[in-house]
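Colleague: Structure supplied as my_file_15.tsv; contents: TSV, C-alpha atoms.
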chain	number	residue	atom	x	y	z
R	1	MET	CA	0.19	-42.15	-58.38
R	2	LEU	CA	3.64	-42.76	-56.93
R	3	ILE	CA	3.63	-45.90	-54.76
R	4	LYS	CA	6.09	-45.97	-51.84
R	5	LEU	CA	7.18	-48.79	-49.56
R	6	GLU	CA	5.55	-46.90	-46.70
R	7	ASP	CA	2.21	-47.62	-48.39
R	8	PHE	CA	2.68	-51.24	-47.26
R	9	SER	CA	3.85	-50.60	-43.71
R	10	SER	CA	1.43	-48.27	-41.93
R	11	LYS	CA	2.00	-48.46	-38.18
R	12	HIS	CA	-1.74	-48.16	-37.65
R	13	VAL	CA	-2.49	-51.23	-39.80
R	14	LEU	CA	0.35	-53.36	-38.46
R	15	GLU	CA	-0.50	-52.60	-34.84
R	16	LYS	CA	-4.13	-53.52	-35.50
R	17	TYR	CA	-3.12	-56.87	-36.98
R	18	PRO	CA	-0.12	-58.25	-35.04
R	19	ALA	CA	-0.10	-61.49	-37.05
R	20	LEU	CA	0.32	-59.46	-40.25
R	21	ASN	CA	3.18	-57.53	-38.66
R	22	GLU	CA	4.86	-60.78	-37.56
R	23	TYR	CA	4.51	-62.16	-41.09
R	24	LYS	CA	6.08	-58.97	-42.47
R	25	GLU	CA	9.00	-59.26	-40.04
R	26	ASN	CA	9.73	-62.74	-41.41
R	27	LEU	CA	10.11	-61.43	-44.98
R	28	VAL	CA	13.80	-61.01	-45.74
R	29	ASN	CA	16.08	-59.24	-48.18
R	30	THR	CA	17.30	-62.42	-49.82
R	31	PRO	CA	20.87	-62.58	-51.14
R	32	LEU	CA	21.88	-62.22	-54.77
R	33	ILE	CA	24.56	-64.85	-55.35
R	34	GLU	CA	26.66	-65.99	-58.27
R	35	ILE	CA	25.47	-69.29	-59.76
R	36	PRO	CA	27.44	-71.46	-62.20
R	37	SER	CA	26.14	-71.73	-65.73
R	38	LYS	CA	24.96	-75.05	-67.10
R	39	TYR	CA	27.46	-74.59	-69.93
R	40	GLY	CA	30.47	-73.41	-67.93
R	41	LYS	CA	31.09	-70.41	-70.15
R	42	GLY	CA	29.91	-66.89	-70.86
R	43	SER	CA	28.97	-64.01	-68.60
R	44	LYS	CA	28.37	-64.37	-64.88
R	45	ILE	CA	24.92	-65.34	-63.58
R	46	TYR	CA	23.43	-64.00	-60.36
R	47	ALA	CA	20.30	-65.44	-58.77
R	48	LYS	CA	18.14	-63.80	-56.12
R	49	MET	CA	17.55	-66.56	-53.59
R	50	GLU	CA	13.84	-66.27	-52.87
R	51	ASN	CA	13.88	-69.96	-51.99
R	52	GLU	CA	15.35	-68.64	-48.72
R	53	ASN	CA	12.44	-66.31	-48.04
R	54	HIS	CA	9.51	-66.89	-45.67
R	55	TYR	CA	8.03	-70.36	-46.32
R	56	GLY	CA	10.66	-70.88	-49.01
R	57	THR	CA	9.04	-68.80	-51.74
R	58	VAL	CA	8.83	-65.39	-53.38
R	59	LYS	CA	5.05	-65.74	-53.09
R	60	SER	CA	5.38	-64.84	-49.42
R	61	ARG	CA	5.90	-61.27	-50.64
R	62	THR	CA	2.84	-61.39	-52.89
R	63	VAL	CA	0.65	-62.69	-50.07
R	64	TYR	CA	1.82	-59.98	-47.70
R	65	ALA	CA	1.23	-57.20	-50.22
R	66	ILE	CA	-2.26	-58.31	-51.21
R	67	MET	CA	-3.39	-59.14	-47.66
R	68	TYR	CA	-1.97	-55.87	-46.32
R	69	SER	CA	-3.96	-53.92	-48.91
R	70	THR	CA	-7.08	-55.95	-48.16
R	71	LEU	CA	-6.87	-55.36	-44.41
R	72	ALA	CA	-5.87	-51.72	-44.78
R	73	ASN	CA	-9.03	-51.10	-46.80
R	74	LEU	CA	-11.33	-53.24	-44.66
R	75	ALA	CA	-14.51	-51.35	-43.79
R	76	LYS	CA	-15.47	-51.01	-40.14
R	77	ASN	CA	-12.59	-53.22	-38.99
R	78	ASN	CA	-14.92	-56.18	-39.49
R	79	ILE	CA	-12.26	-58.88	-39.75
R	80	GLN	CA	-14.51	-61.46	-38.07
R	81	SER	CA	-16.80	-61.61	-41.10
R	82	LEU	CA	-13.94	-61.68	-43.62
R	83	HIS	CA	-13.80	-64.79	-45.83
R	84	ILE	CA	-10.85	-64.72	-48.22
R	85	LEU	CA	-11.15	-66.45	-51.59
R	86	GLU	CA	-8.18	-67.10	-53.83
R	87	TYR	CA	-6.74	-69.58	-56.33
R	88	SER	CA	-3.19	-70.84	-56.59
R	89	GLY	CA	-0.98	-73.00	-58.76
R	90	GLY	CA	1.73	-73.48	-56.17
R	91	THR	CA	3.37	-71.99	-53.12
R	92	LEU	CA	1.09	-68.96	-52.71
R	93	SER	CA	-1.56	-71.30	-51.32
R	94	VAL	CA	0.65	-72.36	-48.42
R	95	CYS	CA	1.71	-68.80	-47.56
R	96	LEU	CA	-1.87	-67.56	-47.65
R	97	ALA	CA	-3.11	-70.47	-45.55
R	98	HIS	CA	-0.50	-69.72	-42.89
R	99	LEU	CA	-1.32	-66.01	-42.74
R	100	CYS	CA	-5.10	-66.44	-42.70
R	101	HIS	CA	-4.78	-69.08	-39.99
R	102	ASP	CA	-2.68	-66.73	-37.85
R	103	LEU	CA	-5.14	-63.87	-38.45
R	104	ASN	CA	-8.08	-66.18	-37.67
R	105	ILE	CA	-9.62	-65.40	-41.07
R	106	GLU	CA	-11.60	-68.01	-42.98
R	107	LEU	CA	-9.95	-68.97	-46.26
R	108	THR	CA	-11.18	-70.86	-49.31
R	109	LEU	CA	-8.60	-71.90	-51.88
R	110	VAL	CA	-9.37	-73.07	-55.42
R	111	LEU	CA	-6.66	-75.45	-56.61
R	112	SER	CA	-5.98	-77.96	-59.33
R	113	ASP	CA	-6.48	-81.56	-58.25
R	114	ASN	CA	-2.86	-82.29	-59.21
R	115	THR	CA	-1.59	-79.89	-56.52
R	116	SER	CA	1.30	-81.43	-54.61
R	117	PRO	CA	0.01	-83.68	-51.79
R	118	SER	CA	2.55	-82.08	-49.45
R	119	TYR	CA	0.93	-78.68	-50.12
R	120	LEU	CA	-2.58	-80.06	-49.67
R	121	ASP	CA	-1.67	-81.66	-46.35
R	122	LYS	CA	-0.17	-78.41	-45.07
R	123	ILE	CA	-3.16	-76.33	-46.21
R	124	LYS	CA	-5.63	-78.73	-44.59
R	125	SER	CA	-3.67	-78.61	-41.33
R	126	LEU	CA	-4.16	-74.82	-41.35
R	127	ASP	CA	-7.96	-75.18	-41.56
R	128	ALA	CA	-8.39	-73.71	-45.03
R	129	ASN	CA	-11.28	-74.83	-47.24
R	130	ILE	CA	-10.14	-76.44	-50.50
R	131	ILE	CA	-12.04	-76.66	-53.78
R	132	LEU	CA	-10.35	-78.83	-56.40
R	133	VAL	CA	-10.68	-78.38	-60.16
R	134	PRO	CA	-9.78	-81.24	-62.55
R	135	ALA	CA	-6.21	-80.84	-63.76
R	136	GLU	CA	-7.17	-81.72	-67.35
R	137	ASP	CA	-9.12	-78.45	-67.51
R	138	GLY	CA	-5.93	-76.42	-67.08
R	139	PHE	CA	-5.10	-73.58	-64.70
R	140	TYR	CA	-7.41	-71.21	-66.59
R	141	LYS	CA	-10.35	-73.18	-65.22
R	142	VAL	CA	-8.97	-72.87	-61.69
R	143	ILE	CA	-9.03	-69.09	-62.07
R	144	GLU	CA	-12.48	-69.14	-63.66
R	145	ARG	CA	-13.88	-71.28	-60.86
R	146	ALA	CA	-12.62	-68.77	-58.31
R	147	LYS	CA	-14.13	-65.92	-60.30
R	148	GLU	CA	-17.49	-67.72	-60.35
R	149	LEU	CA	-17.37	-68.21	-56.58
R	150	SER	CA	-16.44	-64.56	-56.06
R	151	LYS	CA	-19.96	-63.59	-57.13
R	152	GLU	CA	-21.14	-64.83	-53.73
R	153	SER	CA	-21.19	-61.87	-51.37
R	154	LYS	CA	-19.60	-63.77	-48.50
R	155	TYR	CA	-16.23	-63.85	-50.25
R	156	THR	CA	-13.45	-61.28	-50.50
R	157	PHE	CA	-11.65	-62.30	-53.68
R	158	LEU	CA	-7.95	-61.38	-53.85
R	159	TYR	CA	-7.47	-62.09	-57.59
R	160	GLN	CA	-3.68	-62.01	-57.68
R	161	HIS	CA	-3.49	-61.68	-61.49
R	162	ASN	CA	-5.26	-58.33	-61.29
R	163	HIS	CA	-4.17	-56.94	-57.91
R	164	ASP	CA	-1.85	-53.96	-58.36
R	165	SER	CA	-0.27	-54.57	-54.94
R	166	ASN	CA	1.29	-57.68	-56.47
R	167	ILE	CA	3.44	-55.91	-59.05
R	168	ASN	CA	3.94	-52.75	-56.96
R	169	TYR	CA	5.36	-54.60	-53.98
R	170	HIS	CA	7.79	-56.53	-56.16
R	171	SER	CA	9.02	-53.26	-57.66
R	172	LEU	CA	9.49	-51.73	-54.21
R	173	THR	CA	11.14	-54.74	-52.57
R	174	THR	CA	12.36	-57.53	-54.87
R	175	GLY	CA	13.45	-55.15	-57.64
R	176	LYS	CA	15.00	-52.51	-55.40
R	177	GLU	CA	16.87	-55.18	-53.46
R	178	ILE	CA	18.37	-56.54	-56.68
R	179	ILE	CA	19.50	-53.05	-57.67
R	180	GLN	CA	21.16	-52.47	-54.29
R	181	SER	CA	22.84	-55.88	-54.42
R	182	LEU	CA	24.29	-55.12	-57.86
R	183	ILE	CA	25.56	-51.77	-56.58
R	184	ASP	CA	27.11	-53.46	-53.54
R	185	LEU	CA	28.80	-56.02	-55.81
R	186	ASP	CA	30.21	-53.11	-57.86
R	187	ILE	CA	29.16	-54.63	-61.18
R	188	THR	CA	26.76	-51.97	-62.39
R	189	SER	CA	29.06	-50.97	-65.25
R	190	LYS	CA	28.18	-54.19	-67.06
R	191	SER	CA	25.22	-54.62	-69.39
R	192	LEU	CA	22.37	-56.42	-67.67
R	193	ALA	CA	19.92	-59.11	-68.74
R	194	TRP	CA	16.99	-60.11	-66.50
R	195	CYS	CA	15.06	-63.34	-66.92
R	196	ALA	CA	12.30	-64.89	-64.82
R	197	SER	CA	9.36	-67.25	-65.06
R	198	ILE	CA	5.88	-65.82	-65.29
R	199	GLY	CA	2.77	-66.89	-63.43
R	200	THR	CA	0.84	-63.73	-62.68
R	201	GLY	CA	3.82	-61.78	-64.02
R	202	GLY	CA	4.02	-59.71	-60.84
R	203	THR	CA	7.60	-60.66	-60.00
R	204	PHE	CA	8.93	-60.51	-63.57
R	205	SER	CA	7.38	-57.16	-64.49
R	206	GLY	CA	7.74	-55.58	-61.05
R	207	VAL	CA	11.48	-56.20	-61.19
R	208	ALA	CA	11.84	-55.46	-64.92
R	209	LYS	CA	10.17	-52.07	-64.44
R	210	VAL	CA	12.66	-50.79	-61.86
R	211	LEU	CA	15.69	-52.35	-63.56
R	212	LYS	CA	14.78	-50.52	-66.79
R	213	GLU	CA	14.30	-47.30	-64.83
R	214	GLN	CA	17.75	-47.72	-63.24
R	215	TRP	CA	19.58	-49.00	-66.35
R	216	SER	CA	17.67	-48.31	-69.54
R	217	ASP	CA	19.63	-50.83	-71.62
R	218	THR	CA	18.53	-53.77	-69.45
R	219	GLN	CA	17.28	-56.69	-71.56
R	220	CYS	CA	14.25	-58.56	-70.20
R	221	TYR	CA	13.26	-62.16	-71.00
R	222	THR	CA	10.36	-64.22	-69.75
R	223	VAL	CA	10.62	-67.94	-68.99
R	224	ILE	CA	7.54	-70.04	-69.74
R	225	PRO	CA	6.53	-73.72	-69.72
R	226	SER	CA	6.60	-75.25	-73.20
R	227	GLU	CA	3.34	-76.99	-72.37
R	228	MET	CA	1.42	-73.67	-72.14
R	229	PRO	CA	3.20	-70.67	-73.68
R	230	TYR	CA	2.28	-67.08	-72.94
R	231	GLY	CA	-0.55	-65.86	-75.14
R	232	THR	CA	-1.07	-69.22	-76.83
R	233	MET	CA	-4.29	-69.67	-78.80
R	234	SER	CA	-4.43	-73.31	-77.73
R	235	PRO	CA	-7.02	-74.32	-75.13
R	236	PRO	CA	-5.85	-74.93	-71.56
R	237	ASN	CA	-4.47	-78.39	-70.88
R	238	GLY	CA	-3.69	-80.59	-67.93
R	239	LEU	CA	-0.13	-81.42	-68.91
R	240	PRO	CA	2.37	-81.31	-66.03
R	241	LYS	CA	4.28	-78.03	-66.01
R	242	TYR	CA	7.03	-76.62	-63.88
R	243	LEU	CA	5.76	-75.04	-60.70
R	244	GLY	CA	3.57	-71.94	-60.60
R	245	SER	CA	4.04	-70.68	-64.15
R	246	GLY	CA	2.51	-70.72	-67.61
R	247	GLY	CA	0.15	-69.10	-70.05
R	248	LEU	CA	-3.62	-69.15	-69.82
R	249	GLY	CA	-4.79	-70.41	-73.22
R	250	TYR	CA	-7.41	-69.12	-75.68
R	251	GLY	CA	-5.11	-66.22	-76.57
R	252	LEU	CA	-5.52	-64.69	-73.12
R	253	LYS	CA	-2.57	-62.82	-71.62
R	254	GLN	CA	-1.60	-62.00	-68.07
R	255	ARG	CA	-2.26	-58.33	-67.50
R	256	PHE	CA	1.09	-57.70	-65.78
R	257	ILE	CA	2.93	-59.11	-68.80
R	258	GLU	CA	0.80	-57.65	-71.57
R	259	SER	CA	1.22	-54.18	-70.06
R	260	TYR	CA	5.01	-54.50	-70.33
R	261	GLU	CA	5.37	-56.31	-73.65
R	262	ASN	CA	7.22	-53.29	-75.04
R	263	ILE	CA	10.21	-53.97	-72.76
R	264	ILE	CA	10.37	-57.74	-73.29
R	265	ASN	CA	13.22	-58.82	-75.56
R	266	GLY	CA	12.24	-62.46	-75.87
R	267	HIS	CA	10.77	-65.61	-74.34
R	268	PHE	CA	12.41	-68.86	-73.27
R	269	HIS	CA	10.38	-72.09	-73.15
R	270	TYR	CA	11.20	-75.19	-71.12
R	271	SER	CA	9.26	-78.38	-70.55
R	272	TYR	CA	8.51	-79.97	-67.21
R	273	PRO	CA	10.96	-82.86	-67.85
R	274	GLU	CA	13.70	-80.38	-68.80
R	275	SER	CA	13.06	-78.43	-65.61
R	276	LEU	CA	13.20	-81.53	-63.41
R	277	VAL	CA	16.53	-82.54	-64.94
R	278	ALA	CA	17.80	-79.01	-64.27
R	279	VAL	CA	16.71	-79.27	-60.60
R	280	LYS	CA	19.03	-82.27	-60.30
R	281	GLU	CA	21.84	-80.53	-62.18
R	282	ILE	CA	21.68	-77.51	-59.88
R	283	TYR	CA	21.73	-79.77	-56.85
R	284	ASP	CA	24.73	-81.70	-58.15
R	285	MET	CA	26.62	-78.48	-58.96
R	286	THR	CA	25.74	-76.39	-55.90
R	287	GLY	CA	23.94	-78.48	-53.28
R	288	LEU	CA	20.88	-76.23	-53.59
R	289	LYS	CA	17.44	-77.88	-53.57
R	290	VAL	CA	15.42	-75.45	-55.67
R	291	GLY	CA	12.05	-75.85	-57.34
R	292	SER	CA	11.35	-76.52	-61.00
R	293	SER	CA	10.56	-72.87	-61.77
R	294	SER	CA	13.95	-71.90	-60.35
R	295	ALA	CA	15.52	-74.57	-62.55
R	296	ALA	CA	13.77	-73.23	-65.65
R	297	ASN	CA	15.08	-69.76	-64.84
R	298	TRP	CA	18.59	-71.20	-64.51
R	299	LEU	CA	18.32	-72.83	-67.93
R	300	ALA	CA	17.32	-69.49	-69.48
R	301	ALA	CA	20.03	-67.61	-67.60
R	302	SER	CA	22.61	-70.17	-68.77
R	303	ALA	CA	21.46	-69.81	-72.38
R	304	LEU	CA	21.72	-66.03	-72.16
R	305	SER	CA	25.08	-66.20	-70.41
R	306	SER	CA	26.57	-68.49	-73.06
R	307	SER	CA	25.82	-65.89	-75.71
R	308	MET	CA	27.39	-63.02	-73.75
R	309	ASN	CA	30.88	-61.97	-72.71
R	310	ASP	CA	32.43	-60.59	-69.54
R	311	ASN	CA	30.95	-57.17	-70.24
R	312	HIS	CA	27.51	-58.55	-69.41
R	313	ILE	CA	25.79	-60.14	-66.43
R	314	VAL	CA	22.58	-62.15	-66.23
R	315	VAL	CA	20.26	-61.78	-63.25
R	316	THR	CA	17.53	-64.26	-62.49
R	317	ILE	CA	15.55	-65.42	-59.48
R	318	PHE	CA	15.07	-68.72	-57.70
R	319	PRO	CA	11.40	-68.23	-56.74
R	320	SER	CA	11.02	-71.23	-54.47
R	321	CYS	CA	12.51	-74.33	-52.98
R	322	THR	CA	11.25	-77.69	-54.16
R	323	ASN	CA	8.46	-79.69	-52.52
R	324	ASN	CA	8.50	-83.31	-51.37
R	325	THR	CA	6.49	-84.60	-54.32
R	326	GLU	CA	8.67	-82.86	-56.89
R	327	TRP	CA	11.91	-83.86	-55.16
R	328	GLU	CA	10.88	-87.52	-55.20
R	329	LYS	CA	10.48	-87.26	-58.98
R	330	VAL	CA	13.89	-85.63	-59.29
R	331	MET	CA	15.57	-88.36	-57.26
R	332	LYS	CA	14.08	-91.02	-59.55
R	333	LEU	CA	15.61	-89.48	-62.66
R	334	ASN	CA	18.13	-91.59	-64.50
R	335	ILE	CA	20.48	-88.99	-65.90
R	336	THR	CA	23.49	-90.13	-67.88
Translate this structure into structure tokens?
Modeller:
Amino acid sequence: MLIKLEDFSSKHVLEKYPALNEYKENLVNTPLIEIPSKYGKGSKIYAKMENENHYGTVKSRTVYAIMYSTLANLAKNNIQSLHILEYSGGTLSVCLAHLCHDLNIELTLVLSDNTSPSYLDKIKSLDANIILVPAEDGFYKVIERAKELSKESKYTFLYQHNHDSNINYHSLTTGKEIIQSLIDLDITSKSLAWCASIGTGGTFSGVAKVLKEQWSDTQCYTVIPSEMPYGTMSPPNGLPKYLGSGGLGYGLKQRFIESYENIINGHFHYSYPESLVAVKEIYDMTGLKVGSSSAANWLAASALSSSMNDNHIVVTIFPSCTNNTEWEKVMKLNIT
């Protein structure tokens, strides 16, 4: 079935839930700007600045899409009895806590116990319930704990890794916005490479899908933490990783990535320390305070750019700004 942007903006639904409509109005068409390469050579790099979106993250789009679909399909308008359940490895938790608070909907979040204290403080201030899972068990166990809880009838489980609104909304907004920006910049005659980190894979594949439809020769590359690669047979681990990304372990694969493996040209892997150093490098070069996942994307985009000439461009995304805990680590780095 053809999905249209209008499927996420019914006047009837938005009038019924004014807080949802206000949240939607705060989502913006973020700019696509040229970013210098780490290596100072090669093709141009353009980054979509989702760190400038609502609450400083691309996950604000994901939260809107999934919550819109949930409320649009709510039986008997019974929002008072709604109790949302979801897990998160990063900024989605803050966006969801804000929206549920404004909608006066009870929310329970399953998180790793190494979640940034700044995020935990914000979530608690918004009256969300928090269930912590030991970090050493890996993010897979965070998801599994949420799935176990979802068996209780009181919960409405969003399950972002399996919610089609996630990938569909990124195709209709994030991806289409990138296409229009490239057209406006008059650089569509150049060969295109797209690279982005994967968590659920909704952003990467949602954008990759429409870029390939628009320009069939587009090359697509995922960016993944070295500590937990996509599809790895290793068990989950509690090693620090750059924000909001990574594989699952045990050979499991994110559905939104596995479904599009045929259009993926390759994978880049970066460690948490490498990503933190790159956060500092980006700040020193541009003054931008971006998160570690944005930094990993920049490293991949720079690697691609250095292997390409002026007939190519590389497009990536800065999914989020940094948080206080991460920035403190960056400022303590001794880079020579």
Colleague: Of the residues R:Glu281, R:Glu144, R:Asp310, R:Glu6, which is the one nearest to Glu86 (chain R), using only C-alpha atoms?
Modeller: R:Glu144
Colleague: Per residue of region 96-167 of chain R within 7 Å of region 186-207 of chain R, which atom pair is closest and at what distance in Å (one decimal), using all atoms listed in the file, listed by chain and increasing number, as a tab-separated table?
Modeller:
residue	atom	partner	partner_atom	distance
R:Gln160	CA	R:Thr200	CA	7.0
R:His161	CA	R:Thr200	CA	4.9
R:Asn166	CA	R:Gly202	CA	5.5
R:Ile167	CA	R:Gly202	CA	4.2
Colleague: Record the distance separating CA of Leu120 (chain R) and CA of Arg145 (chain R), expressed in Å with one decimal.
Modeller: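 One can read the CA of Leu120 (chain R) to CA of Arg145 (chain R) distance as 18.2 Å.
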Colleague: Skip Asn168 (chain R) itself and residues of its chain fewer than 3 positions away, then list as a list in words all residues within 8 Å of it, counting all atoms listed in the file.
Modeller: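 These residues fall inside the cut-off: Ile3, Asp164, Ser165, Ser171, Leu172, Gly202 and Gly206 of chain R.
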Colleague: Restricting the calculation to all atoms listed in the file: of R:Ala19, R:Ala300, R:Ile335, R:Ile263, which residue gets closest to Val277 (chain R)?
Modeller: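 For Val277 (chain R), the nearest of the given residues is R:Ile335.
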Colleague: Residues proximal to (0.5, -51.8, -50.2) were defined as those with any atom within 8 Å of that point in the file's coordinates, counting all atoms listed in the file. Which are they, as an MDAnalysis selection string?
Modeller: chainID R and resid 5:9 65:66 68:69 165 168:169
